[in-house]
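Data block for query.tsv (TSV, C-alpha atoms):
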chain	number	residue	atom	x	y	z
A	8	MET	CA	15.73	-32.96	-45.25
A	9	LEU	CA	13.16	-35.32	-46.79
A	10	HIS	CA	12.74	-35.66	-50.54
A	11	ILE	CA	9.60	-37.29	-51.91
A	12	VAL	CA	9.50	-38.57	-55.50
A	13	ASN	CA	6.34	-39.92	-57.14
A	14	LYS	CA	7.38	-40.45	-60.76
A	15	SER	CA	8.73	-43.60	-62.40
A	16	PRO	CA	12.38	-43.11	-63.39
A	17	SER	CA	11.54	-44.50	-66.83
A	18	GLN	CA	8.92	-41.81	-67.39
A	19	SER	CA	10.48	-38.71	-65.88
A	20	ARG	CA	13.86	-37.26	-64.91
A	21	THR	CA	12.59	-36.16	-61.52
A	22	LEU	CA	14.48	-38.80	-59.58
A	23	ASP	CA	17.74	-37.88	-61.38
A	24	SER	CA	17.34	-34.25	-60.40
A	25	CYS	CA	16.48	-35.17	-56.84
A	26	LEU	CA	19.56	-37.39	-56.54
A	27	ARG	CA	21.71	-34.63	-58.05
A	28	LEU	CA	20.67	-32.15	-55.34
A	29	ALA	CA	20.06	-34.34	-52.29
A	30	GLN	CA	22.70	-33.91	-49.62
A	31	ASP	CA	24.34	-36.90	-47.94
A	32	GLY	CA	22.27	-38.12	-45.01
A	33	SER	CA	18.99	-36.86	-46.46
A	34	ALA	CA	15.96	-39.12	-46.59
A	35	LEU	CA	14.28	-40.08	-49.85
A	36	LEU	CA	10.77	-41.50	-49.86
A	37	LEU	CA	9.45	-43.11	-53.03
A	38	ILE	CA	5.68	-43.07	-53.44
A	39	GLU	CA	3.16	-43.78	-56.22
A	40	ASP	CA	4.99	-44.59	-59.49
A	41	GLY	CA	8.24	-43.49	-57.84
A	42	VAL	CA	8.45	-46.93	-56.20
A	43	TYR	CA	9.42	-48.57	-59.51
A	44	ALA	CA	12.89	-47.04	-59.11
A	45	ALA	CA	13.40	-49.25	-56.07
A	46	THR	CA	13.02	-52.55	-57.93
A	47	ARG	CA	15.93	-54.88	-58.57
A	48	GLY	CA	17.07	-54.94	-62.18
A	49	ASN	CA	15.35	-51.73	-63.24
A	50	ALA	CA	17.95	-50.13	-65.51
A	51	ASP	CA	16.62	-46.68	-64.68
A	52	GLY	CA	16.94	-47.45	-60.96
A	53	ALA	CA	20.72	-47.94	-61.00
A	54	ALA	CA	21.45	-44.42	-59.80
A	55	LEU	CA	19.07	-44.93	-56.90
A	56	ARG	CA	20.73	-48.18	-55.81
A	57	GLN	CA	24.07	-46.35	-55.83
A	58	ALA	CA	22.60	-43.56	-53.72
A	59	CYS	CA	21.43	-45.99	-51.02
A	60	GLY	CA	24.85	-45.68	-49.38
A	61	ARG	CA	24.59	-41.94	-48.83
A	62	LEU	CA	20.83	-41.43	-48.48
A	63	GLN	CA	18.20	-43.15	-46.36
A	64	VAL	CA	15.84	-44.56	-48.97
A	65	TYR	CA	12.26	-45.53	-48.18
A	66	ALA	CA	9.41	-46.87	-50.29
A	67	LEU	CA	5.75	-46.61	-49.40
A	68	GLN	CA	4.50	-50.16	-48.91
A	69	PRO	CA	0.85	-49.60	-49.94
A	70	ASP	CA	2.11	-48.31	-53.31
A	71	CYS	CA	4.55	-51.21	-53.66
A	72	ASP	CA	1.85	-53.75	-52.77
A	73	ALA	CA	-0.60	-52.21	-55.21
A	74	ARG	CA	1.97	-52.57	-57.99
A	75	ALA	CA	3.13	-56.10	-56.98
A	76	ILE	CA	6.74	-55.03	-56.56
A	77	THR	CA	7.21	-55.44	-52.81
A	78	ALA	CA	9.06	-58.73	-53.36
A	79	LEU	CA	11.19	-57.17	-56.07
A	80	LEU	CA	12.71	-54.36	-54.05
A	81	ALA	CA	16.46	-53.84	-54.20
A	82	GLU	CA	18.57	-54.11	-51.06
A	83	GLY	CA	18.91	-51.03	-48.92
A	84	ILE	CA	15.32	-49.84	-49.42
A	85	THR	CA	13.21	-49.59	-46.25
A	86	LEU	CA	9.45	-50.08	-46.47
A	87	VAL	CA	7.20	-47.69	-44.57
A	88	ASP	CA	3.43	-47.56	-44.12
A	89	TYR	CA	1.37	-44.37	-44.00
A	90	GLY	CA	2.26	-43.87	-40.33
A	91	GLY	CA	5.93	-44.15	-41.23
A	92	PHE	CA	5.40	-41.56	-43.96
A	93	VAL	CA	4.04	-39.13	-41.36
A	94	ASP	CA	6.96	-39.89	-39.02
A	95	LEU	CA	9.48	-39.10	-41.77
A	96	VAL	CA	7.84	-35.75	-42.46
A	97	ALA	CA	7.70	-34.92	-38.74
A	98	GLN	CA	11.35	-35.87	-38.15
A	99	ARG	CA	12.77	-33.61	-40.85
A	100	LYS	CA	12.82	-29.81	-40.89
A	101	THR	CA	12.21	-29.50	-44.61
A	102	THR	CA	10.23	-31.66	-47.02
A	103	HIS	CA	10.33	-31.31	-50.78
A	104	SER	CA	7.65	-33.13	-52.70
A	105	TRP	CA	9.19	-33.16	-56.18
A	106	LEU	CA	6.69	-32.62	-58.95
B	15	MET	CA	9.02	-27.45	-34.76
B	16	ALA	CA	8.88	-23.66	-34.35
B	17	THR	CA	5.36	-22.38	-33.97
B	18	ASP	CA	5.88	-18.63	-33.73
B	19	PRO	CA	3.34	-17.37	-36.24
B	20	ASN	CA	5.23	-14.11	-36.71
B	21	ARG	CA	8.50	-15.70	-37.66
B	22	ILE	CA	9.40	-15.04	-41.30
B	23	LYS	CA	9.63	-18.33	-43.14
B	24	LYS	CA	12.06	-19.26	-45.85
B	25	VAL	CA	9.91	-20.36	-48.77
B	26	MET	CA	11.49	-21.81	-51.90
B	27	PHE	CA	9.71	-22.25	-55.21
B	28	VAL	CA	11.29	-24.92	-57.39
B	29	ASN	CA	10.53	-24.44	-61.08
B	30	ARG	CA	11.29	-27.43	-63.28
B	31	LYS	CA	8.94	-27.07	-66.25
B	32	ALA	CA	9.23	-25.25	-69.57
B	33	PRO	CA	6.95	-22.22	-69.85
B	34	TYR	CA	4.13	-22.88	-72.34
B	35	GLY	CA	3.69	-26.64	-72.69
B	36	THR	CA	2.02	-26.86	-69.28
B	37	ILE	CA	0.47	-24.36	-66.88
B	38	TYR	CA	2.99	-25.04	-64.07
B	39	ALA	CA	5.37	-22.16	-64.77
B	40	LEU	CA	2.61	-19.56	-64.83
B	41	GLU	CA	0.91	-21.04	-61.76
B	42	SER	CA	4.19	-20.92	-59.87
B	43	LEU	CA	4.61	-17.26	-60.71
B	44	GLU	CA	1.09	-16.51	-59.47
B	45	VAL	CA	1.75	-18.25	-56.16
B	46	VAL	CA	5.10	-16.48	-55.82
B	47	LEU	CA	3.40	-13.10	-56.15
B	48	ILE	CA	0.78	-14.06	-53.58
B	49	THR	CA	3.41	-15.34	-51.16
B	50	ALA	CA	5.43	-12.15	-51.57
B	51	THR	CA	2.53	-10.12	-50.18
B	52	PHE	CA	2.88	-12.04	-46.89
B	53	ASP	CA	6.43	-10.69	-46.38
B	54	GLN	CA	8.10	-14.07	-46.34
B	55	ASP	CA	11.69	-14.85	-47.34
B	56	VAL	CA	10.97	-16.05	-50.87
B	57	SER	CA	13.45	-17.61	-53.25
B	58	LEU	CA	12.93	-18.97	-56.75
B	59	VAL	CA	14.94	-21.83	-58.11
B	60	PHE	CA	15.12	-22.87	-61.76
B	61	LEU	CA	16.14	-26.45	-62.51
B	62	ASP	CA	15.89	-28.73	-65.53
B	63	ASP	CA	13.46	-27.37	-68.15
B	64	GLY	CA	12.54	-24.62	-65.70
B	65	VAL	CA	15.56	-22.67	-66.97
B	66	TYR	CA	13.67	-22.18	-70.26
B	67	GLU	CA	11.24	-19.94	-68.36
B	68	LEU	CA	13.99	-17.33	-68.18
B	69	LEU	CA	15.17	-17.31	-71.80
B	70	LYS	CA	15.29	-13.84	-73.34
B	71	GLY	CA	13.17	-13.01	-76.37
B	72	GLN	CA	10.01	-15.06	-75.78
B	73	ASN	CA	7.31	-14.11	-78.30
B	74	THR	CA	3.98	-15.86	-77.82
B	75	LYS	CA	1.87	-13.77	-80.22
B	76	ALA	CA	1.24	-16.62	-82.64
B	77	ILE	CA	0.36	-19.26	-80.04
B	78	GLY	CA	-2.33	-17.21	-78.34
B	79	ILE	CA	-0.88	-17.50	-74.83
B	80	LYS	CA	0.14	-14.55	-72.71
B	81	ASN	CA	3.89	-14.01	-72.57
B	82	PHE	CA	4.44	-13.91	-68.82
B	83	SER	CA	8.22	-13.79	-68.96
B	84	PRO	CA	8.41	-9.99	-68.31
B	85	THR	CA	6.92	-10.71	-64.88
B	86	TYR	CA	10.22	-12.25	-63.76
B	87	ARG	CA	11.80	-8.82	-64.22
B	88	ALA	CA	9.07	-7.22	-62.10
B	89	LEU	CA	9.64	-9.53	-59.13
B	90	ASP	CA	12.11	-7.22	-57.41
B	91	GLY	CA	9.25	-4.73	-57.13
B	92	TYR	CA	7.63	-7.27	-54.83
B	93	ASP	CA	10.86	-7.74	-52.87
B	94	VAL	CA	11.45	-11.09	-54.51
B	95	GLU	CA	15.13	-10.77	-55.33
B	96	LYS	CA	16.51	-14.25	-54.80
B	97	LEU	CA	16.56	-16.06	-58.12
B	98	TYR	CA	18.83	-19.08	-58.46
B	99	VAL	CA	19.59	-21.18	-61.53
B	100	GLU	CA	21.37	-24.50	-61.49
B	101	ARG	CA	24.53	-24.46	-63.59
B	102	GLU	CA	24.17	-28.11	-64.63
B	103	SER	CA	20.68	-27.45	-66.03
B	104	LEU	CA	21.95	-24.49	-68.08
B	105	GLU	CA	24.93	-26.42	-69.41
B	106	ALA	CA	22.84	-29.47	-70.32
B	107	ARG	CA	20.69	-27.18	-72.49
B	108	GLY	CA	23.48	-25.12	-74.03
B	109	ILE	CA	22.26	-21.92	-72.39
B	110	ALA	CA	24.58	-19.19	-71.12
B	111	GLU	CA	23.76	-16.89	-68.25
B	112	ASP	CA	23.67	-13.85	-70.57
B	113	GLN	CA	20.79	-15.40	-72.49
B	114	LEU	CA	18.56	-15.07	-69.43
B	115	LEU	CA	16.13	-12.17	-69.13
B	116	VAL	CA	16.80	-11.38	-65.49
B	117	ASP	CA	19.76	-11.27	-63.11
B	118	VAL	CA	20.17	-14.59	-61.35
B	119	GLU	CA	22.70	-16.33	-59.18
B	120	VAL	CA	24.06	-19.46	-60.82
B	121	LEU	CA	24.68	-22.29	-58.34
B	122	SER	CA	26.04	-25.81	-58.62
B	123	SER	CA	23.82	-28.79	-57.80
B	124	ALA	CA	25.54	-29.14	-54.45
B	125	GLN	CA	25.05	-25.47	-53.57
B	126	MET	CA	21.42	-25.71	-54.66
B	127	GLY	CA	20.89	-28.80	-52.51
B	128	GLU	CA	22.39	-26.98	-49.53
B	129	LEU	CA	20.11	-23.98	-50.05
B	130	MET	CA	17.08	-26.25	-50.36
B	131	ALA	CA	17.86	-27.96	-47.07
B	132	GLN	CA	17.88	-24.56	-45.31
B	133	GLN	CA	14.25	-23.77	-46.22
B	134	ASP	CA	11.16	-24.01	-44.06
B	135	VAL	CA	8.92	-24.71	-47.01
B	136	VAL	CA	9.71	-26.02	-50.49
B	137	LEU	CA	7.03	-25.88	-53.16
B	138	SER	CA	7.57	-27.69	-56.43
B	139	PHE	CA	6.23	-26.68	-59.84

Please re-express this file's structure in structure tokens.
Amino acid sequence: MLHIVNKSPSQSRTLDSCLRLAQDGSALLLIEDGVYAATRGNADGAALRQACGRLQVYALQPDCDARAITALLAEGITLVDYGGFVDLVAQRKTTHSWL
Amino acid sequence: MATDPNRIKKVMFVNRKAPYGTIYALESLEVVLITATFDQDVSLVFLDDGVYELLKGQNTKAIGIKNFSPTYRALDGYDVEKLYVERESLEARGIAEDQLLVDVEVLSSAQMGELMAQQDVVLSF
């Protein structure tokens, strides 16, 4: 299963809820303001960094670049471009775009 | 990916918003009713503030918005009978199952995550 989160963890509890439900081995793609969770030192991103061991965590590079955080990403986060985004959706049976 | 157009799909609606502050809860209900007419395997999930959609005793007279909560009780008439509520969301809000206006199945986060992964389509509201 692929989970997609587009909200900053400092603005919304969406990422918390996603992490609470996501099964081990699931993929998580951070897009739009969701990418802020993937930055080093973000207090609200701590739960995400812990989840990197059990989930495959991706961040959408165009959104990271736009926000100047690509160099600030925590370890364990994989960057993908739009093509990679499509691949992730195609590889997984179910996608949930959290609102 | 399966392409049989006649295969019944498992469609899950994830409701995570309180009822009257935004339009999401009502919009979700509208889409659920539409989906039900296509004879799909529909389930509704209530997480986070979405559990407030199901609180008994809603009275919207003084705010000028239609009280749509009775519609949840009418869903079984549309063969929508799978309503799931996350236990953690209820507990975090001090709500007991008997305060809800419709029969639901209460699931843990882990059980909810498992159910979500079994779906063909997940729509978030």

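Proximity to chain A at a cut-off of 6 Å picks out Ser123, Ala124, Gly127, Ala131, Asp134, Val136 and Ser138 of chain B on chain B, counting only C-alpha atoms.
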
Filtering to C-alpha atoms, could you give me those residues as a compact mmCIF listing (two decimals), keeping the file's coordinate frame?
# COMPACT_ATOMS: atom_id res chain seq x y z
CA SER B 123 23.82 -28.79 -57.80
CA ALA B 124 25.54 -29.14 -54.45
CA GLY B 127 20.89 -28.80 -52.51
CA ALA B 131 17.86 -27.96 -47.07
CA ASP B 134 11.16 -24.01 -44.06
CA VAL B 136 9.71 -26.02 -50.49
CA SER B 138 7.57 -27.69 -56.43

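Nearest-residue note for Gly91 of chain B: choosing from B:Val135, B:Leu69, B:Ala50, B:Gly108, the minimum distance belongs to B:Ala50, counting all atoms listed in the file.
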
Within 12 Å of file point (1.1, -15.7, -54.5), counting all atoms listed in the file, expressed as a PDB file with C-alpha atoms, keeping the file's coordinate frame:
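result-v3.pdb, freshly written:
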ATOM      1  CA  VAL B  25       9.910 -20.360 -48.770  1.00  0.00           C
ATOM      2  CA  PHE B  27       9.710 -22.250 -55.210  1.00  0.00           C
ATOM      3  CA  LEU B  40       2.610 -19.560 -64.830  1.00  0.00           C
ATOM      4  CA  GLU B  41       0.910 -21.040 -61.760  1.00  0.00           C
ATOM      5  CA  SER B  42       4.190 -20.920 -59.870  1.00  0.00           C
ATOM      6  CA  LEU B  43       4.610 -17.260 -60.710  1.00  0.00           C
ATOM      7  CA  GLU B  44       1.090 -16.510 -59.470  1.00  0.00           C
ATOM      8  CA  VAL B  45       1.750 -18.250 -56.160  1.00  0.00           C
ATOM      9  CA  VAL B  46       5.100 -16.480 -55.820  1.00  0.00           C
ATOM     10  CA  LEU B  47       3.400 -13.100 -56.150  1.00  0.00           C
ATOM     11  CA  ILE B  48       0.780 -14.060 -53.580  1.00  0.00           C
ATOM     12  CA  THR B  49       3.410 -15.340 -51.160  1.00  0.00           C
ATOM     13  CA  ALA B  50       5.430 -12.150 -51.570  1.00  0.00           C
ATOM     14  CA  THR B  51       2.530 -10.120 -50.180  1.00  0.00           C
ATOM     15  CA  PHE B  52       2.880 -12.040 -46.890  1.00  0.00           C
ATOM     16  CA  ASP B  53       6.430 -10.690 -46.380  1.00  0.00           C
ATOM     17  CA  GLN B  54       8.100 -14.070 -46.340  1.00  0.00           C
ATOM     18  CA  VAL B  56      10.970 -16.050 -50.870  1.00  0.00           C
ATOM     19  CA  LEU B  89       9.640  -9.530 -59.130  1.00  0.00           C
ATOM     20  CA  TYR B  92       7.630  -7.270 -54.830  1.00  0.00           C
ATOM     21  CA  VAL B  94      11.450 -11.090 -54.510  1.00  0.00           C
ATOM     22  CA  LEU B 137       7.030 -25.880 -53.160  1.00  0.00           C
TER      23      LEU B 137
END

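Nearest to Glu82 of chain A of all the residues A:Gln63, A:Arg47, A:Val12, A:Ala53 is A:Arg47, based on all atoms listed in the file.
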
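Distances from A:Leu22, A:Ala75, A:Ala50, A:Ala66 to Val87 of chain A were compared using only C-alpha atoms, and the smallest one belongs to A:Ala66.
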
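Nearest residue to Phe82 of chain B among B:Ala39, B:Val118, B:Glu111, B:Gly64 is B:Ala39, counting all atoms listed in the file.
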
Selection near segment 37-46 of chain A, 6 Å with only C-alpha atoms, sequence-local residues under 3 positions removed, as a ChimeraX atom specification: /A:11-16,49,52,66-67,70,79-81

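Of note, atom CA of Ile84 of chain A and atom CA of Arg56 of chain A are spaced 8.5 Å apart.
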
Quick one: residues within 10 Å of Gln68 of chain A, all atoms listed in the file counted, chain neighbours fewer than 3 positions away excluded, as a CSV table (one decimal) with C-alpha atoms, in the frame of the given file?
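This is the output file selection-v7.csv:
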chain,number,residue,atom,x,y,z
A,37,LEU,CA,9.4,-43.1,-53.0
A,38,ILE,CA,5.7,-43.1,-53.4
A,39,GLU,CA,3.2,-43.8,-56.2
A,42,VAL,CA,8.4,-46.9,-56.2
A,65,TYR,CA,12.3,-45.5,-48.2
A,71,CYS,CA,4.6,-51.2,-53.7
A,72,ASP,CA,1.8,-53.8,-52.8
A,73,ALA,CA,-0.6,-52.2,-55.2
A,74,ARG,CA,2.0,-52.6,-58.0
A,76,ILE,CA,6.7,-55.0,-56.6
A,77,THR,CA,7.2,-55.4,-52.8
A,85,THR,CA,13.2,-49.6,-46.2
A,86,LEU,CA,9.4,-50.1,-46.5
A,87,VAL,CA,7.2,-47.7,-44.6
A,88,ASP,CA,3.4,-47.6,-44.1
A,89,TYR,CA,1.4,-44.4,-44.0
A,91,GLY,CA,5.9,-44.2,-41.2
A,92,PHE,CA,5.4,-41.6,-44.0

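For the pair atom CA of Gln132 of chain B and atom CA of Lys24 of chain B, the separation is 7.9 Å.
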
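One distance worth recording is that between atom CA of Ile109 of chain B and atom CA of Tyr38 of chain B, which is 21.2 Å.
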
Which residues are close to Leu114 of chain B, i.e. within 10 Å by only C-alpha atoms, leaving aside same-chain residues fewer than 2 positions away? Reply as a PyMOL selection string. chain B and resi 65-71+109-112+116-118

Those residues with C-alpha atoms, as a compact mmCIF listing (two decimals), in the frame of the given file please?
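What follows is the written file again-v3.txt:
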# COMPACT_ATOMS: atom_id res chain seq x y z
CA VAL B 65 15.56 -22.67 -66.97
CA TYR B 66 13.67 -22.18 -70.26
CA GLU B 67 11.24 -19.94 -68.36
CA LEU B 68 13.99 -17.33 -68.18
CA LEU B 69 15.17 -17.31 -71.80
CA LYS B 70 15.29 -13.84 -73.34
CA GLY B 71 13.17 -13.01 -76.37
CA ILE B 109 22.26 -21.92 -72.39
CA ALA B 110 24.58 -19.19 -71.12
CA GLU B 111 23.76 -16.89 -68.25
CA ASP B 112 23.67 -13.85 -70.57
CA VAL B 116 16.80 -11.38 -65.49
CA ASP B 117 19.76 -11.27 -63.11
CA VAL B 118 20.17 -14.59 -61.35

Tell me, as a VMD selection string, which residues lie within 8 Å of Ile79 of chain B, counting only C-alpha atoms; anything in the same chain fewer than 4 positions away does not count. chain B and resid 34 74 to 75

From the options B:Asp93, B:Glu119, B:Asp62, B:Glu100, which residue's atoms come nearest to Ala32 of chain B, counting only C-alpha atoms? B:Asp62
